[in-house]
Structure formats: structure tokens, C-alpha cells
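Below: the structure, in C-alpha cells.
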Amino acid sequence: MNSDINRPAVLAEVSDAFYRYELALVTNDIATLDMLFWHDERTVRLGAGENLYGIEAISAFRAARPSVGLDRRLRNTVIVTFGEDYAVCSTEFTREGSDKIGRQQQTWVKFAAGWRIVAAQVSVMS
């Protein structure tokens with residue numbers, strides 16, 4: 001087994017960042033959501049109905065998004081870290097009253113300011 005994968009301290013840091021993002025998402029804490037993304041024009045978020053390139057587009061999307069109906073349940077969450085500064089987080093989610101399954105995947109990199117999402121993808125399937 002590779003000792004660089006899922007080092008306990010790194011896995012704990014990324015898990016904390018991932019669940020901090022999740023709490024910010026369901027409570028519409030836009031400041032925290034924006035803070036957890038890499039502030040760069042190369043940041044990408046491919047959503048269920050939108051493709052966002054650059055932190056400005058991602059921030060504008062967050063600011064314009066409705067703040068109701070955000071609650072969801074996660075399942076099959078997998079967090080894998082590689083070394084000290086790279087991770088991938090994958091999860092499925094469901095929302096009450098919907099039979100659709102959402103999928104989310106994020107690439108996290110550790111910068112001097114902490115863990116930040118550099119790429120994300122969200123999709124929904126029936």
C-alpha cells in the first residue's frame with residue numbers, strides 16, 4: 001500500500017474542508033463557499049445545468065442561486081488524499097421529494113491559505 005495515500009492527518013484536514021463546504025452549501029453561506037474555491041481564472045465548476053470557468057463566474061452563480069431547497073443527504077462519500085497537498089472528494093446526494101441522484105466530485109489542492117477546490121463537477125441522474 002502506498003503510504004502517501006490517505007495519511008491520517010491529511011485525510012482529516014480534507015474531510016474537515018469537505019464537510020465545511022457541505023454545511024456552507026446547504027445553509028447558503030456564500031462567503032464560505034467562495035473562500036473554499038481557488039480564486040483563479042483557471043478554476044472550473046461544471047454544474048448540473050451550467051459550466052463555470054473562473055472564480056468570478058463561480059461567485060456570480062452562487063450569489064444568484066436561490067437559497068431555498070438546498071438541504072440534501074450525502075451517500076457513498078469517498079475522500080482520497082495523495083501526499084500532503086492533493087485530494088479528490090466524490091459523493092452522491094439526494095433531496096427530499098426527488099428520486100434523482102446527484103453526483104459531485106471535487107479536486108482539492110492545499111495552498112498556503114489552506115485547502116481549496118480547483119475543479120468541481122455536479123451532475124444529476126434519474
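Ordered as shown in the C-alpha cells, chains take letters A, B, and onward, while each chain numbers its residues from 1 and ligands are numbered from 1 in the order shown.
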
Exercise. Do you know which residues are at most 9 Å from Val124 (chain A) counting only C-alpha atoms, after dropping those on the same chain fewer than 5 positions away, and could you put them as a list in words?
Worked result: Ala48, Lys100, Ile101, Gly102, Arg103 and Gln104 of chain A

Can you spit out the residues from that selection as a CSV table (one decimal), in the first residue's frame, using C-alpha atoms?
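File produced: selection-v3.csv:
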```
chain,number,residue,atom,x,y,z
A,48,ALA,CA,-25.9,20.2,-13.4
A,100,LYS,CA,-33.0,11.9,-8.8
A,101,ILE,CA,-29.5,11.1,-7.6
A,102,GLY,CA,-27.0,13.9,-7.6
A,103,ARG,CA,-23.3,13.3,-8.0
A,104,GLN,CA,-20.5,15.7,-7.0
```

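The environment of Ala120 (chain A) within 7 Å, counting only C-alpha atoms and disregarding residues fewer than 4 places along the same chain, consists of Val44, Arg45, Leu46, Gln105, Gln106 and Thr107 of chain A.
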
Dump C-alpha atoms for the selected residues as a JSON list (two decimals), in the first residue's frame?
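Result file follows (again-v1.json):
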```json
[["chain", "number", "residue", "atom", "x", "y", "z"],
["A", 44, "VAL", "CA", -13.66, 25.22, -13.14],
["A", 45, "ARG", "CA", -17.09, 24.20, -11.88],
["A", 46, "LEU", "CA", -19.18, 22.09, -14.24],
["A", 105, "GLN", "CA", -16.76, 15.45, -7.46],
["A", 106, "GLN", "CA", -14.18, 17.97, -6.29],
["A", 107, "THR", "CA", -10.44, 18.25, -6.73]]
```

For this session: Please provide the set of residues having any atom within 6 Å of Val118 (chain A), restricted to only C-alpha atoms, with same-chain residues fewer than 3 positions apart removed, written as a PyMOL selection string.
Result: chain A and resi 38+43+107-108

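Distance annotation: of A:Asp99, A:Glu22, A:Asp40, A:Asp34, the residue with the minimal separation from Asp71 (chain A) is A:Glu22; atom set is only C-alpha atoms.
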
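Counting only C-alpha atoms, the residue from A:Thr91, A:Thr81, A:Ser67, A:Asn28 that sits nearest to Asn6 (chain A) is A:Thr81.
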
Exercise. To one decimal place, how far is CA of Gln121 (chain A) from CA of Val88 (chain A) in Å?
Worked result: 11.4 Å

Problem set entry | Gap from CA of Ser98 (chain A) to CA of Tyr53 (chain A) - Å, one decimal | 28.6 Å

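We find CA of Ala119 (chain A) and CA of Val68 (chain A) to be spaced 24.7 Å apart.
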
Problem set entry | Nearest to Ala87 (chain A), chosen from A:Ala63, A:Ser3, A:Val14, A:Asp29, with only C-alpha atoms counted in the distances | A:Val14

For this session: Apply DSSP to the structure's backbone, then extract all residues of chain A labelled alpha helix (DSSP H) and return them as an MDAnalysis selection string.
Result: chainID A and resid 8:26 30:35 55:64

Go ahead and write the selection's residues with N, CA and C atoms as an mmCIF file, in the first residue's frame.
```
data_model
loop_
_atom_site.group_PDB
_atom_site.id
_atom_site.type_symbol
_atom_site.label_atom_id
_atom_site.label_comp_id
_atom_site.auth_asym_id
_atom_site.auth_seq_id
_atom_site.Cartn_x
_atom_site.Cartn_y
_atom_site.Cartn_z
ATOM 1 N N PRO A 8 -3.411 9.849 7.699
ATOM 2 C CA PRO A 8 -4.487 10.228 8.625
ATOM 3 C C PRO A 8 -4.628 11.739 8.860
ATOM 4 N N ALA A 9 -3.556 12.450 9.063
ATOM 5 C CA ALA A 9 -3.653 13.888 9.337
ATOM 6 C C ALA A 9 -4.156 14.654 8.115
ATOM 7 N N VAL A 10 -3.689 14.267 6.936
ATOM 8 C CA VAL A 10 -4.113 14.941 5.698
ATOM 9 C C VAL A 10 -5.576 14.604 5.414
ATOM 10 N N LEU A 11 -5.944 13.351 5.575
ATOM 11 C CA LEU A 11 -7.333 12.937 5.368
ATOM 12 C C LEU A 11 -8.269 13.700 6.307
ATOM 13 N N ALA A 12 -7.853 13.910 7.545
ATOM 14 C CA ALA A 12 -8.672 14.672 8.500
ATOM 15 C C ALA A 12 -8.836 16.114 8.046
ATOM 16 N N GLU A 13 -7.765 16.732 7.564
ATOM 17 C CA GLU A 13 -7.845 18.119 7.079
ATOM 18 C C GLU A 13 -8.804 18.242 5.901
ATOM 19 N N VAL A 14 -8.673 17.353 4.936
ATOM 20 C CA VAL A 14 -9.521 17.409 3.746
ATOM 21 C C VAL A 14 -10.973 17.097 4.111
ATOM 22 N N SER A 15 -11.175 16.131 4.965
ATOM 23 C CA SER A 15 -12.534 15.808 5.406
ATOM 24 C C SER A 15 -13.183 17.009 6.076
ATOM 25 N N ASP A 16 -12.438 17.686 6.928
ATOM 26 C CA ASP A 16 -12.959 18.899 7.572
ATOM 27 C C ASP A 16 -13.341 19.946 6.530
ATOM 28 N N ALA A 17 -12.490 20.163 5.544
ATOM 29 C CA ALA A 17 -12.768 21.148 4.498
ATOM 30 C C ALA A 17 -13.993 20.726 3.681
ATOM 31 N N PHE A 18 -14.070 19.450 3.338
ATOM 32 C CA PHE A 18 -15.198 18.943 2.556
ATOM 33 C C PHE A 18 -16.512 19.147 3.300
ATOM 34 N N TYR A 19 -16.562 18.790 4.571
ATOM 35 C CA TYR A 19 -17.806 18.923 5.331
ATOM 36 C C TYR A 19 -18.104 20.380 5.687
ATOM 37 N N ARG A 20 -17.090 21.203 5.771
ATOM 38 C CA ARG A 20 -17.308 22.651 5.928
ATOM 39 C C ARG A 20 -17.977 23.202 4.671
ATOM 40 N N TYR A 21 -17.524 22.766 3.515
ATOM 41 C CA TYR A 21 -18.141 23.155 2.251
ATOM 42 C C TYR A 21 -19.591 22.690 2.218
ATOM 43 N N GLU A 22 -19.834 21.450 2.602
ATOM 44 C CA GLU A 22 -21.199 20.903 2.573
ATOM 45 C C GLU A 22 -22.133 21.711 3.468
ATOM 46 N N LEU A 23 -21.693 22.045 4.667
ATOM 47 C CA LEU A 23 -22.512 22.867 5.562
ATOM 48 C C LEU A 23 -22.775 24.239 4.949
ATOM 49 N N ALA A 24 -21.764 24.842 4.364
ATOM 50 C CA ALA A 24 -21.933 26.146 3.719
ATOM 51 C C ALA A 24 -22.905 26.040 2.544
ATOM 52 N N LEU A 25 -22.865 24.935 1.826
ATOM 53 C CA LEU A 25 -23.749 24.748 0.681
ATOM 54 C C LEU A 25 -25.213 24.689 1.107
ATOM 55 N N VAL A 26 -25.528 23.874 2.095
ATOM 56 C CA VAL A 26 -26.933 23.705 2.493
ATOM 57 C C VAL A 26 -27.459 24.882 3.307
ATOM 58 N N ILE A 30 -22.541 31.912 1.367
ATOM 59 C CA ILE A 30 -21.823 32.252 0.137
ATOM 60 C C ILE A 30 -20.373 32.635 0.408
ATOM 61 N N ALA A 31 -20.121 33.346 1.492
ATOM 62 C CA ALA A 31 -18.746 33.756 1.799
ATOM 63 C C ALA A 31 -17.840 32.542 1.984
ATOM 64 N N THR A 32 -18.317 31.534 2.694
ATOM 65 C CA THR A 32 -17.511 30.332 2.909
ATOM 66 C C THR A 32 -17.370 29.536 1.610
ATOM 67 N N LEU A 33 -18.452 29.425 0.842
ATOM 68 C CA LEU A 33 -18.368 28.721 -0.442
ATOM 69 C C LEU A 33 -17.320 29.368 -1.335
ATOM 70 N N ASP A 34 -17.366 30.695 -1.442
ATOM 71 C CA ASP A 34 -16.382 31.404 -2.266
ATOM 72 C C ASP A 34 -14.970 31.223 -1.728
ATOM 73 N N MET A 35 -14.817 31.276 -0.425
ATOM 74 C CA MET A 35 -13.496 31.153 0.185
ATOM 75 C C MET A 35 -12.877 29.778 -0.089
ATOM 76 N N ILE A 55 -13.145 31.956 -11.078
ATOM 77 C CA ILE A 55 -13.773 32.231 -9.783
ATOM 78 C C ILE A 55 -14.853 33.298 -9.894
ATOM 79 N N GLU A 56 -14.702 34.259 -10.781
ATOM 80 C CA GLU A 56 -15.732 35.300 -10.912
ATOM 81 C C GLU A 56 -17.061 34.707 -11.364
ATOM 82 N N ALA A 57 -17.041 33.809 -12.322
ATOM 83 C CA ALA A 57 -18.274 33.160 -12.791
ATOM 84 C C ALA A 57 -18.869 32.279 -11.695
ATOM 85 N N ILE A 58 -18.017 31.578 -10.967
ATOM 86 C CA ILE A 58 -18.493 30.715 -9.882
ATOM 87 C C ILE A 58 -19.131 31.564 -8.787
ATOM 88 N N SER A 59 -18.494 32.649 -8.404
ATOM 89 C CA SER A 59 -19.036 33.539 -7.372
ATOM 90 C C SER A 59 -20.357 34.162 -7.814
ATOM 91 N N ALA A 60 -20.441 34.583 -9.064
ATOM 92 C CA ALA A 60 -21.682 35.178 -9.573
ATOM 93 C C ALA A 60 -22.816 34.154 -9.552
ATOM 94 N N PHE A 61 -22.519 32.917 -9.908
ATOM 95 C CA PHE A 61 -23.528 31.852 -9.858
ATOM 96 C C PHE A 61 -24.036 31.664 -8.439
ATOM 97 N N ARG A 62 -23.119 31.600 -7.487
ATOM 98 C CA ARG A 62 -23.509 31.419 -6.085
ATOM 99 C C ARG A 62 -24.404 32.558 -5.601
ATOM 100 N N ALA A 63 -24.048 33.783 -5.951
ATOM 101 C CA ALA A 63 -24.801 34.948 -5.499
ATOM 102 C C ALA A 63 -26.211 34.973 -6.087
ATOM 103 N N ALA A 64 -26.394 34.424 -7.287
ATOM 104 C CA ALA A 64 -27.691 34.471 -7.958
ATOM 105 C C ALA A 64 -28.558 33.238 -7.687
#
```

Exercise. Out of chain A, which residues get strand (DSSP E or B) from DSSP, as a ChimeraX atom specification?
Worked result: /A:5,37,44-46,51-53,73-82,86-94,101-111,114-125

Keeping only N, CA and C atoms, take the residues you just selected and write them out as a short mmCIF file (atom, residue, chain, number, x, y, z; two decimals), in the first residue's frame.
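Produced file result.cif, reproduced below:
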```cif
data_model
loop_
_atom_site.label_atom_id
_atom_site.label_comp_id
_atom_site.auth_asym_id
_atom_site.auth_seq_id
_atom_site.Cartn_x
_atom_site.Cartn_y
_atom_site.Cartn_z
N ILE A 5 -0.98 7.78 0.34
CA ILE A 5 -2.41 7.85 0.14
C ILE A 5 -3.12 7.80 1.49
N PHE A 37 -13.16 27.93 -2.71
CA PHE A 37 -12.72 27.74 -4.08
C PHE A 37 -11.42 28.52 -4.31
N VAL A 44 -12.55 25.69 -12.32
CA VAL A 44 -13.66 25.22 -13.14
C VAL A 44 -14.70 24.56 -12.26
N ARG A 45 -15.97 24.89 -12.52
CA ARG A 45 -17.09 24.20 -11.88
C ARG A 45 -18.10 23.86 -12.96
N LEU A 46 -18.22 22.57 -13.27
CA LEU A 46 -19.18 22.09 -14.24
C LEU A 46 -20.40 21.62 -13.48
N ASN A 51 -21.88 25.59 -16.95
CA ASN A 51 -20.44 25.41 -16.98
C ASN A 51 -19.83 26.74 -16.57
N LEU A 52 -19.06 26.73 -15.49
CA LEU A 52 -18.50 27.97 -14.95
C LEU A 52 -16.98 27.91 -15.00
N TYR A 53 -16.39 28.92 -15.64
CA TYR A 53 -14.95 28.99 -15.79
C TYR A 53 -14.45 30.24 -15.11
N ARG A 73 -29.05 14.94 1.39
CA ARG A 73 -28.40 13.86 2.13
C ARG A 73 -27.28 13.29 1.27
N LEU A 74 -26.12 13.14 1.88
CA LEU A 74 -24.98 12.56 1.18
C LEU A 74 -24.96 11.05 1.37
N ARG A 75 -24.40 10.37 0.39
CA ARG A 75 -24.17 8.93 0.50
C ARG A 75 -22.99 8.57 -0.40
N ASN A 76 -22.38 7.46 -0.09
CA ASN A 76 -21.24 6.95 -0.87
C ASN A 76 -20.13 7.98 -1.03
N THR A 77 -19.86 8.72 0.04
CA THR A 77 -18.80 9.72 0.01
C THR A 77 -17.44 9.02 0.10
N VAL A 78 -16.56 9.38 -0.83
CA VAL A 78 -15.20 8.83 -0.85
C VAL A 78 -14.24 10.01 -0.91
N ILE A 79 -13.34 10.07 0.05
CA ILE A 79 -12.32 11.11 0.09
C ILE A 79 -10.96 10.42 0.03
N VAL A 80 -10.16 10.80 -0.96
CA VAL A 80 -8.84 10.20 -1.13
C VAL A 80 -7.82 11.32 -1.23
N THR A 81 -6.80 11.22 -0.39
CA THR A 81 -5.71 12.21 -0.44
C THR A 81 -4.47 11.55 -1.02
N PHE A 82 -3.67 12.38 -1.68
CA PHE A 82 -2.43 11.91 -2.30
C PHE A 82 -1.33 12.84 -1.83
N TYR A 86 -2.94 17.20 -2.19
CA TYR A 86 -3.84 16.93 -3.30
C TYR A 86 -4.88 15.91 -2.85
N ALA A 87 -6.15 16.16 -3.22
CA ALA A 87 -7.21 15.24 -2.83
C ALA A 87 -8.36 15.28 -3.82
N VAL A 88 -9.11 14.19 -3.86
CA VAL A 88 -10.32 14.11 -4.66
C VAL A 88 -11.44 13.66 -3.73
N CYS A 89 -12.56 14.38 -3.78
CA CYS A 89 -13.73 14.05 -2.97
C CYS A 89 -14.90 13.77 -3.90
N SER A 90 -15.51 12.62 -3.73
CA SER A 90 -16.64 12.21 -4.56
C SER A 90 -17.79 11.84 -3.65
N THR A 91 -19.01 12.21 -4.05
CA THR A 91 -20.17 11.85 -3.25
C THR A 91 -21.41 11.82 -4.13
N GLU A 92 -22.41 11.14 -3.65
CA GLU A 92 -23.75 11.19 -4.23
C GLU A 92 -24.63 11.92 -3.24
N PHE A 93 -25.72 12.53 -3.74
CA PHE A 93 -26.65 13.19 -2.83
C PHE A 93 -28.07 13.02 -3.33
N THR A 94 -29.00 13.06 -2.39
CA THR A 94 -30.43 13.01 -2.69
C THR A 94 -31.10 14.16 -1.98
N ILE A 101 -30.70 11.24 -8.37
CA ILE A 101 -29.46 11.09 -7.61
C ILE A 101 -28.46 12.10 -8.15
N GLY A 102 -27.99 12.95 -7.27
CA GLY A 102 -26.96 13.91 -7.65
C GLY A 102 -25.58 13.31 -7.41
N ARG A 103 -24.64 13.77 -8.21
CA ARG A 103 -23.25 13.33 -8.04
C ARG A 103 -22.36 14.56 -8.03
N GLN A 104 -21.39 14.53 -7.16
CA GLN A 104 -20.48 15.67 -7.01
C GLN A 104 -19.06 15.16 -6.88
N GLN A 105 -18.17 15.79 -7.59
CA GLN A 105 -16.76 15.45 -7.46
C GLN A 105 -15.95 16.73 -7.41
N GLN A 106 -15.01 16.79 -6.48
CA GLN A 106 -14.18 17.97 -6.29
C GLN A 106 -12.71 17.56 -6.23
N THR A 107 -11.88 18.39 -6.85
CA THR A 107 -10.44 18.25 -6.73
C THR A 107 -9.97 19.36 -5.80
N TRP A 108 -9.28 19.00 -4.73
CA TRP A 108 -8.79 19.94 -3.72
C TRP A 108 -7.27 19.98 -3.76
N VAL A 109 -6.72 21.17 -3.61
CA VAL A 109 -5.28 21.36 -3.52
C VAL A 109 -5.00 22.21 -2.29
N LYS A 110 -3.94 21.88 -1.58
CA LYS A 110 -3.57 22.67 -0.40
C LYS A 110 -2.62 23.78 -0.81
N PHE A 111 -3.06 25.01 -0.58
CA PHE A 111 -2.27 26.21 -0.83
C PHE A 111 -1.82 26.78 0.51
N GLY A 114 -4.63 27.33 2.73
CA GLY A 114 -5.41 26.16 3.13
C GLY A 114 -5.94 25.40 1.92
N TRP A 115 -6.81 24.44 2.18
CA TRP A 115 -7.37 23.59 1.14
C TRP A 115 -8.40 24.36 0.33
N ARG A 116 -8.29 24.26 -1.01
CA ARG A 116 -9.19 24.96 -1.91
C ARG A 116 -9.60 24.02 -3.06
N ILE A 117 -10.85 24.18 -3.52
CA ILE A 117 -11.35 23.42 -4.66
C ILE A 117 -10.82 24.08 -5.92
N VAL A 118 -10.16 23.31 -6.77
CA VAL A 118 -9.64 23.85 -8.03
C VAL A 118 -10.49 23.40 -9.22
N ALA A 119 -11.26 22.34 -9.02
CA ALA A 119 -12.17 21.86 -10.06
C ALA A 119 -13.30 21.10 -9.38
N ALA A 120 -14.51 21.28 -9.92
CA ALA A 120 -15.67 20.59 -9.37
C ALA A 120 -16.62 20.24 -10.49
N GLN A 121 -17.34 19.15 -10.29
CA GLN A 121 -18.36 18.76 -11.24
C GLN A 121 -19.57 18.25 -10.47
N VAL A 122 -20.74 18.68 -10.92
CA VAL A 122 -22.01 18.24 -10.32
C VAL A 122 -22.90 17.75 -11.46
N SER A 123 -23.52 16.61 -11.26
CA SER A 123 -24.46 16.10 -12.27
C SER A 123 -25.61 15.42 -11.55
N VAL A 124 -26.70 15.22 -12.27
CA VAL A 124 -27.89 14.59 -11.71
C VAL A 124 -28.33 13.50 -12.68
N MET A 125 -28.71 12.36 -12.11
CA MET A 125 -29.25 11.29 -12.94
C MET A 125 -30.55 10.80 -12.35
#
```

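Comparing A:Glu50, A:Glu96, A:Arg42, A:Glu84 by their smallest distance to Arg72 (chain A), the closest is A:Glu96 (using only C-alpha atoms).
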